[in-house]
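Peer 1: The structure follows.
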Amino acid sequence: MKIHHLNCGTMKISKILSAGRIPDHAVCHCLLIETRQGLVLIDSGIGTRDMVDPSRLGPTHYLLPVREDMDETALNQVLSLGYKTDDVRHIILTHLDLDHTGGIPDFPHAAIHVLLDEYRAAHNPSGFKEKNRYRKVHLAAAKSWETYEERPGDEWFGFPCIKGLTGLPEEIILVPLRGHTKGHCGVAVASGNGWLLHAGDAYYSARDMAPDPHCQLPFKLFEYLVHMDHSRAVLLKKRLWNLAYRSGAPVRVFCTHDPGEFEWFRLHAQA
Ligand SMILES: [Zn+2]
């Protein structure tokens, strides 16, 4: 399987929010995987229609405005690699937040794979946080949904996991990482060089996964604002750090939004 690391959307972070301590932008680190079953997209970033009309993203767009760059959309990057829209057969989503689902309308033939808990939360949102994070304009465009729950006994390096995803190669599995949202999950991919774990929004900065981990204050505050279960998410972050640094497991972990981390993977981790 050939794996491409794509940034499918850049969000600007104002000086007020960053306090000069963190990068002035966030990326949407997605994977495009060439498989025997067609192209598989892991997370889909900001869509072409959102670039034209950012109001589709709701009030969050005013907090973290999207850089209007059509070339960054998953659709345009798929086309520039020489593929057609229909070649994307599957989209696996770490969760259904608006900055991960924008590509759904751009790939009308793709099946959408997600944890059942996340599907339920997004289609029946409750409370302020859920009502603002999920966008009907994205979700209603999905052709078909494949939803999943853990089965007892399935494990991946000590984490519960879901194998045997419908229509997908066995090298791709789901690793539930609930906390950021009710059905947030990581996506593990066996590459030619060990495993990659796309950890979605389980953390925001590579500093959290450094040998001497540290969560910077702006991210700490942001996590309080956006996590559905903050204490669970903080615990998970420690487990991910252990997986990356202590376990000796052949796993490289990355998150969605850190620009430096994305750049490293883009340059070094093609496999
Ligand atoms: Zn996100």
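Going through the structure tokens in order, the chains are called A, B, and so on, while each chain numbers its residues from 1 and the ligands are numbered from 1 in the order shown.
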Residues at most 12 Å from ligand 1, using only C-alpha atoms and all ligand atoms? Could they come as a ChimeraX atom specification?

Peer 2: /A:8-11,26-30,43-46,60,64,93-102,133-134,180-181,184,199-205,222-223,226-227,255-258

Peer 1: Let me see the file: selected residues, C-alpha atoms, as a short mmCIF file (atom, residue, chain, number, x, y, z; two decimals), in the first residue's frame.

Peer 2:
data_model
loop_
_atom_site.label_atom_id
_atom_site.label_comp_id
_atom_site.auth_asym_id
_atom_site.auth_seq_id
_atom_site.Cartn_x
_atom_site.Cartn_y
_atom_site.Cartn_z
CA CYS A 8 -6.25 19.06 3.61
CA GLY A 9 -6.81 22.46 5.14
CA THR A 10 -4.97 25.14 7.11
CA MET A 11 -6.59 27.07 9.96
CA ALA A 26 -2.94 24.33 12.33
CA VAL A 27 -3.07 21.78 9.53
CA CYS A 28 -5.48 18.93 8.77
CA HIS A 29 -3.15 15.94 8.45
CA CYS A 30 -4.94 13.28 6.40
CA ASP A 43 -9.95 12.08 7.59
CA SER A 44 -11.00 14.54 4.91
CA GLY A 45 -10.20 18.04 6.20
CA ILE A 46 -11.86 21.10 4.68
CA THR A 60 -15.86 27.86 14.67
CA LEU A 64 -10.04 29.48 13.61
CA LEU A 93 -12.98 9.40 9.97
CA THR A 94 -11.27 9.70 13.35
CA HIS A 95 -14.40 11.62 14.39
CA LEU A 96 -17.04 13.85 12.81
CA ASP A 97 -15.88 17.33 13.84
CA LEU A 98 -16.33 19.90 11.07
CA ASP A 99 -12.62 20.15 10.26
CA HIS A 100 -12.46 16.40 9.55
CA THR A 101 -15.64 15.91 7.52
CA GLY A 102 -15.44 18.69 4.90
CA ARG A 133 -18.96 20.84 16.23
CA TYR A 134 -21.01 18.70 13.83
CA HIS A 180 -12.23 14.30 22.54
CA THR A 181 -15.67 13.20 21.31
CA HIS A 184 -13.30 9.52 18.68
CA ALA A 199 -4.47 9.76 16.53
CA GLY A 200 -6.87 12.45 15.29
CA ASP A 201 -7.42 15.12 17.96
CA ALA A 202 -6.21 12.97 20.87
CA TYR A 203 -3.52 15.66 21.19
CA TYR A 204 -2.71 18.91 19.38
CA SER A 205 1.02 19.41 19.56
CA PHE A 222 -8.34 24.64 24.16
CA GLU A 223 -8.59 21.03 25.33
CA VAL A 226 -13.39 21.12 23.15
CA HIS A 227 -12.99 17.70 24.80
CA CYS A 255 -2.14 13.87 15.35
CA THR A 256 -4.24 15.90 12.92
CA HIS A 257 -3.29 19.48 13.58
CA ASP A 258 0.43 19.91 14.34
#

Peer 1: Using only C-alpha atoms, find each residue of range 179-246 of chain A with at least one atom at most 9 Å away from an atom of range 12-25 of chain A; report its shortest atom-to-atom pair and that distance in Å (one decimal), sort the rows by chain and rising residue number, and return the result as a tab-separated table.

Peer 2:
residue	atom	partner	partner_atom	distance
A:Ser205	CA	A:Ile22	CA	8.7
A:Gln216	CA	A:Arg21	CA	7.7
A:Leu217	CA	A:Arg21	CA	8.4
A:Pro218	CA	A:Ser18	CA	6.1
A:Phe219	CA	A:Ile22	CA	8.5

Peer 1: Write to file, as a CSV table (one decimal), in the first residue's frame, the residues of the selection just made, with N, CA and C atoms.

Peer 2:
chain,number,residue,atom,x,y,z
A,205,SER,N,-0.3,19.0,19.8
A,205,SER,CA,1.0,19.4,19.6
A,205,SER,C,2.0,18.3,19.7
A,216,GLN,N,1.4,22.8,26.2
A,216,GLN,CA,1.5,24.2,26.3
A,216,GLN,C,0.2,24.8,26.7
A,217,LEU,N,0.2,26.0,27.4
A,217,LEU,CA,-1.0,26.5,28.0
A,217,LEU,C,-2.1,26.8,27.0
A,218,PRO,N,-1.8,27.4,25.8
A,218,PRO,CA,-3.0,27.6,24.9
A,218,PRO,C,-3.7,26.3,24.5
A,219,PHE,N,-2.9,25.2,24.4
A,219,PHE,CA,-3.5,23.9,24.0
A,219,PHE,C,-4.3,23.3,25.2

Peer 1: From a DSSP pass on the backbone, collect the residues of range 46-112 of chain A flagged as helix (DSSP H, G or I) and hand them back as a count of residues only.

Peer 2: 33

Peer 1: What's the 8 Å shell around Trp145 in chain A, counting only C-alpha atoms, without same-chain residues fewer than 3 positions away, as number ranges by chain?

Peer 2: A: 111-114, 142

Peer 1: Would you write out those residues with N, CA and C atoms, as a PDB file, in the first residue's frame?

Peer 2:
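See out.pdb below for the written result:
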ATOM      1  N   ALA A 111     -17.789   5.192   0.786  1.00  0.00           N
ATOM      2  CA  ALA A 111     -18.447   4.750   2.023  1.00  0.00           C
ATOM      3  C   ALA A 111     -17.721   5.418   3.188  1.00  0.00           C
ATOM      4  N   ILE A 112     -18.489   5.858   4.181  1.00  0.00           N
ATOM      5  CA  ILE A 112     -17.909   6.566   5.326  1.00  0.00           C
ATOM      6  C   ILE A 112     -17.852   5.621   6.523  1.00  0.00           C
ATOM      7  N   HIS A 113     -16.670   5.452   7.093  1.00  0.00           N
ATOM      8  CA  HIS A 113     -16.464   4.518   8.213  1.00  0.00           C
ATOM      9  C   HIS A 113     -16.193   5.316   9.485  1.00  0.00           C
ATOM     10  N   VAL A 114     -16.891   4.949  10.559  1.00  0.00           N
ATOM     11  CA  VAL A 114     -16.764   5.716  11.805  1.00  0.00           C
ATOM     12  C   VAL A 114     -17.254   4.844  12.961  1.00  0.00           C
ATOM     13  N   ALA A 142     -23.184  12.135   2.839  1.00  0.00           N
ATOM     14  CA  ALA A 142     -22.600  10.784   2.816  1.00  0.00           C
ATOM     15  C   ALA A 142     -23.511   9.818   2.072  1.00  0.00           C
TER      16      ALA A 142
END

Peer 1: Which distance in Å separates CA of Gly260 in chain A and CA of Arg207 in chain A, to one decimal?

Peer 2: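 Atom-to-atom, CA of Gly260 in chain A and CA of Arg207 in chain A are spaced 10.2 Å apart.
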
Peer 1: Please provide as number ranges by chain all residues within 7 Å of Phe107 in chain A, with the sequence filter that same-chain residues fewer than 3 positions apart are discarded (counting only C-alpha atoms).

Peer 2: A: 85-86, 88, 103-104, 110

Peer 1: Could you write out that same residue set with N, CA and C atoms as a short mmCIF file (atom, residue, chain, number, x, y, z; two decimals), in the first residue's frame?

Peer 2:
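again_15.cif written:
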data_model
loop_
_atom_site.label_atom_id
_atom_site.label_comp_id
_atom_site.auth_asym_id
_atom_site.auth_seq_id
_atom_site.Cartn_x
_atom_site.Cartn_y
_atom_site.Cartn_z
N THR A 85 -12.34 11.38 -8.94
CA THR A 85 -13.13 11.47 -7.71
C THR A 85 -13.62 10.10 -7.26
N ASP A 86 -14.13 9.32 -8.23
CA ASP A 86 -14.72 8.01 -7.91
C ASP A 86 -13.70 7.00 -7.40
N VAL A 88 -11.82 7.32 -4.96
CA VAL A 88 -11.85 7.30 -3.49
C VAL A 88 -13.09 6.51 -3.08
N GLY A 103 -14.52 16.94 3.48
CA GLY A 103 -14.34 16.27 2.19
C GLY A 103 -15.47 15.31 1.85
N ILE A 104 -16.36 15.02 2.80
CA ILE A 104 -17.43 14.05 2.49
C ILE A 104 -18.21 14.45 1.22
N ALA A 110 -17.98 7.50 -1.96
CA ALA A 110 -17.21 6.83 -0.90
C ALA A 110 -18.11 6.38 0.23
#

Peer 1: Skipping near chain neighbours, those fewer than 3 positions away, what residues fall within 8 Å of Ala233 in chain A using only C-alpha atoms, listed as a PDB file with N, CA and C atoms, in the first residue's frame?

Peer 2:
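Output contents, as saved in selection-v5.pdb:
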ATOM      1  N   LEU A 177     -10.314   5.889  20.732  1.00  0.00           N
ATOM      2  CA  LEU A 177      -9.618   6.809  21.655  1.00  0.00           C
ATOM      3  C   LEU A 177     -10.657   7.829  22.114  1.00  0.00           C
ATOM      4  N   ARG A 178     -11.658   7.364  22.850  1.00  0.00           N
ATOM      5  CA  ARG A 178     -12.762   8.253  23.228  1.00  0.00           C
ATOM      6  C   ARG A 178     -12.316   9.282  24.250  1.00  0.00           C
ATOM      7  N   GLY A 179     -12.878  10.454  24.175  1.00  0.00           N
ATOM      8  CA  GLY A 179     -12.547  11.524  25.111  1.00  0.00           C
ATOM      9  C   GLY A 179     -12.741  12.863  24.411  1.00  0.00           C
ATOM     10  N   HIS A 180     -12.039  13.055  23.306  1.00  0.00           N
ATOM     11  CA  HIS A 180     -12.234  14.298  22.541  1.00  0.00           C
ATOM     12  C   HIS A 180     -13.694  14.405  22.119  1.00  0.00           C
ATOM     13  N   ALA A 202      -6.551  13.461  19.526  1.00  0.00           N
ATOM     14  CA  ALA A 202      -6.210  12.968  20.868  1.00  0.00           C
ATOM     15  C   ALA A 202      -5.181  13.880  21.526  1.00  0.00           C
ATOM     16  N   HIS A 227     -12.826  19.125  24.490  1.00  0.00           N
ATOM     17  CA  HIS A 227     -12.988  17.696  24.797  1.00  0.00           C
ATOM     18  C   HIS A 227     -14.349  17.444  25.429  1.00  0.00           C
ATOM     19  N   ASP A 229     -14.922  14.567  27.173  1.00  0.00           N
ATOM     20  CA  ASP A 229     -14.565  13.951  28.451  1.00  0.00           C
ATOM     21  C   ASP A 229     -13.080  14.246  28.673  1.00  0.00           C
ATOM     22  N   HIS A 230     -12.833  15.372  29.345  1.00  0.00           N
ATOM     23  CA  HIS A 230     -11.465  15.892  29.421  1.00  0.00           C
ATOM     24  C   HIS A 230     -10.526  14.947  30.167  1.00  0.00           C
ATOM     25  N   LEU A 236      -5.708   9.250  28.083  1.00  0.00           N
ATOM     26  CA  LEU A 236      -5.396   8.610  26.799  1.00  0.00           C
ATOM     27  C   LEU A 236      -4.103   9.149  26.211  1.00  0.00           C
ATOM     28  N   LYS A 237      -3.913  10.451  26.372  1.00  0.00           N
ATOM     29  CA  LYS A 237      -2.700  11.073  25.843  1.00  0.00           C
ATOM     30  C   LYS A 237      -1.474  10.428  26.498  1.00  0.00           C
TER      31      LYS A 237
END

Peer 1: So, with only C-alpha atoms as the atoms that count, which of A:Arg120, A:His109, A:Arg239, A:Arg49 lies closest to His138 in chain A?

Peer 2: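 Closest residue, counting only C-alpha atoms: A:Arg49.
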
Peer 1: Based on the backbone DSSP call, show me all residues of range 28-243 of chain A assigned strand (DSSP E), as an MDAnalysis selection string.

Peer 2: chainID A and resid 28:35 38:42 88:92 111:115 144:148 155:156 159:160 172:176 185:191 194:198

Peer 1: Let's have the selection written as a short mmCIF file (atom, residue, chain, number, x, y, z; two decimals), in the first residue's frame, with N, CA and C atoms.

Peer 2:
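As written to disk, again-v5.cif reads:
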data_model
loop_
_atom_site.label_atom_id
_atom_site.label_comp_id
_atom_site.auth_asym_id
_atom_site.auth_seq_id
_atom_site.Cartn_x
_atom_site.Cartn_y
_atom_site.Cartn_z
N CYS A 28 -4.59 20.09 8.68
CA CYS A 28 -5.48 18.93 8.77
C CYS A 28 -4.75 17.76 8.12
N HIS A 29 -4.00 17.04 8.93
CA HIS A 29 -3.15 15.94 8.45
C HIS A 29 -4.03 14.72 8.14
N CYS A 30 -4.12 14.42 6.85
CA CYS A 30 -4.94 13.28 6.40
C CYS A 30 -4.01 12.27 5.70
N LEU A 31 -4.49 11.06 5.56
CA LEU A 31 -3.76 10.05 4.78
C LEU A 31 -4.56 9.67 3.56
N LEU A 32 -3.88 9.49 2.45
CA LEU A 32 -4.50 8.90 1.27
C LEU A 32 -3.74 7.61 0.99
N ILE A 33 -4.47 6.49 1.01
CA ILE A 33 -3.80 5.19 0.88
C ILE A 33 -4.27 4.50 -0.39
N GLU A 34 -3.30 4.08 -1.18
CA GLU A 34 -3.61 3.33 -2.40
C GLU A 34 -3.70 1.85 -2.01
N THR A 35 -4.89 1.26 -2.14
CA THR A 35 -5.07 -0.16 -1.77
C THR A 35 -5.67 -0.91 -2.95
N GLY A 38 -9.15 0.17 -3.89
CA GLY A 38 -9.32 1.57 -4.29
C GLY A 38 -8.65 2.51 -3.30
N LEU A 39 -8.87 3.80 -3.50
CA LEU A 39 -8.24 4.78 -2.61
C LEU A 39 -9.01 4.88 -1.30
N VAL A 40 -8.26 4.99 -0.21
CA VAL A 40 -8.86 5.15 1.11
C VAL A 40 -8.33 6.45 1.69
N LEU A 41 -9.25 7.29 2.11
CA LEU A 41 -8.87 8.56 2.72
C LEU A 41 -9.10 8.44 4.23
N ILE A 42 -8.12 8.85 5.01
CA ILE A 42 -8.30 8.86 6.46
C ILE A 42 -8.38 10.31 6.89
N VAL A 88 -11.82 7.32 -4.96
CA VAL A 88 -11.85 7.30 -3.49
C VAL A 88 -13.09 6.51 -3.08
N ARG A 89 -12.86 5.26 -2.64
CA ARG A 89 -13.97 4.34 -2.34
C ARG A 89 -14.37 4.37 -0.88
N HIS A 90 -13.41 4.77 -0.02
CA HIS A 90 -13.68 4.73 1.42
C HIS A 90 -13.08 5.95 2.10
N ILE A 91 -13.82 6.50 3.06
CA ILE A 91 -13.28 7.55 3.92
C ILE A 91 -13.45 7.07 5.37
N ILE A 92 -12.34 6.96 6.08
CA ILE A 92 -12.39 6.59 7.50
C ILE A 92 -12.18 7.87 8.29
N ALA A 111 -17.79 5.19 0.79
CA ALA A 111 -18.45 4.75 2.02
C ALA A 111 -17.72 5.42 3.19
N ILE A 112 -18.49 5.86 4.18
CA ILE A 112 -17.91 6.57 5.33
C ILE A 112 -17.85 5.62 6.52
N HIS A 113 -16.67 5.45 7.09
CA HIS A 113 -16.46 4.52 8.21
C HIS A 113 -16.19 5.32 9.49
N VAL A 114 -16.89 4.95 10.56
CA VAL A 114 -16.76 5.72 11.80
C VAL A 114 -17.25 4.84 12.96
N LEU A 115 -16.86 5.16 14.19
CA LEU A 115 -17.42 4.43 15.33
C LEU A 115 -18.90 4.73 15.47
N SER A 144 -23.12 6.34 2.09
CA SER A 144 -23.42 5.20 2.97
C SER A 144 -22.48 5.24 4.16
N TRP A 145 -22.97 4.74 5.27
CA TRP A 145 -22.18 4.72 6.51
C TRP A 145 -21.87 3.29 6.90
N GLU A 146 -20.67 3.06 7.38
CA GLU A 146 -20.30 1.80 8.02
C GLU A 146 -19.91 2.16 9.45
N THR A 147 -20.62 1.59 10.42
CA THR A 147 -20.35 1.96 11.82
C THR A 147 -19.85 0.74 12.60
N TYR A 148 -19.08 1.01 13.63
CA TYR A 148 -18.37 -0.06 14.33
C TYR A 148 -18.42 0.10 15.84
N GLU A 155 -7.36 -6.75 20.40
CA GLU A 155 -6.41 -5.78 20.96
C GLU A 155 -5.32 -5.44 19.96
N TRP A 156 -4.81 -4.23 20.09
CA TRP A 156 -3.69 -3.76 19.28
C TRP A 156 -2.71 -3.06 20.23
N PHE A 159 -4.32 -1.78 23.31
CA PHE A 159 -5.52 -0.95 23.12
C PHE A 159 -6.63 -1.82 22.53
N PRO A 160 -7.88 -1.66 22.99
CA PRO A 160 -8.98 -2.32 22.29
C PRO A 160 -8.99 -1.83 20.84
N ILE A 172 -5.60 -2.08 7.89
CA ILE A 172 -6.17 -0.85 8.47
C ILE A 172 -7.13 -1.24 9.59
N ILE A 173 -6.90 -0.73 10.80
CA ILE A 173 -7.80 -1.05 11.91
C ILE A 173 -8.15 0.22 12.70
N LEU A 174 -9.23 0.16 13.41
CA LEU A 174 -9.66 1.29 14.25
C LEU A 174 -9.21 1.06 15.68
N VAL A 175 -8.77 2.14 16.33
CA VAL A 175 -8.34 2.07 17.72
C VAL A 175 -9.12 3.14 18.49
N PRO A 176 -10.22 2.76 19.13
CA PRO A 176 -11.04 3.77 19.82
C PRO A 176 -10.22 4.57 20.83
N CYS A 185 -11.76 8.06 17.47
CA CYS A 185 -10.90 6.87 17.39
C CYS A 185 -9.66 7.18 16.58
N GLY A 186 -8.61 6.41 16.86
CA GLY A 186 -7.42 6.47 16.04
C GLY A 186 -7.57 5.47 14.89
N VAL A 187 -6.74 5.64 13.88
CA VAL A 187 -6.73 4.69 12.76
C VAL A 187 -5.30 4.20 12.60
N ALA A 188 -5.11 2.88 12.77
CA ALA A 188 -3.77 2.30 12.64
C ALA A 188 -3.63 1.68 11.26
N VAL A 189 -2.46 1.94 10.66
CA VAL A 189 -2.20 1.44 9.31
C VAL A 189 -0.84 0.74 9.32
N ALA A 190 -0.83 -0.52 8.89
CA ALA A 190 0.44 -1.24 8.78
C ALA A 190 1.13 -0.76 7.51
N SER A 191 2.27 -0.09 7.68
CA SER A 191 3.01 0.40 6.52
C SER A 191 4.16 -0.58 6.27
N GLY A 194 6.65 -0.72 9.85
CA GLY A 194 5.93 -0.66 11.13
C GLY A 194 4.54 -0.04 10.96
N TRP A 195 3.96 0.31 12.10
CA TRP A 195 2.60 0.86 12.08
C TRP A 195 2.61 2.38 12.16
N LEU A 196 1.62 2.97 11.49
CA LEU A 196 1.32 4.39 11.70
C LEU A 196 0.04 4.45 12.50
N LEU A 197 -0.04 5.36 13.47
CA LEU A 197 -1.31 5.58 14.16
C LEU A 197 -1.72 7.03 13.98
N HIS A 198 -2.79 7.23 13.21
CA HIS A 198 -3.38 8.56 13.09
C HIS A 198 -4.25 8.74 14.33
#

Peer 1: Just how far from CA of Val234 in chain A is CA of Leu267 in chain A, in Å to one decimal?

Peer 2: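 It comes out at 29.2 Å.
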
Peer 1: Could you pull the residues within 10 Å of Val52 in chain A, counting only C-alpha atoms, minus those fewer than 3 positions along the same chain, as a list in words?

Peer 2: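 With the cut-off at 10 Å, the set is Gly47, Thr48, Arg49, Ser55, Arg56, Glu68, Asp69 and Met70 of chain A.
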
Peer 1: Using Å and a single decimal, report how far CA of Asp208 in chain A sits from CA of Leu221 in chain A.

Peer 2: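 The value is 14.2 Å.
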
Peer 1: Using only C-alpha atoms, pick whichever of A:Ala74, A:Leu116, A:Met209, A:Met1 has the shortest atom-to-atom distance to Glu261 in chain A.

Peer 2: A:Met209

Peer 1: Go through A:Asp50, A:Ala249, A:Gln77, A:Lys182 one by one, measure the shortest atom-to-atom distance of each to Arg232 in chain A using only C-alpha atoms, and give the residue with the smallest value.

Peer 2: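 Using only C-alpha atoms, the shortest distance to Arg232 in chain A belongs to A:Lys182.
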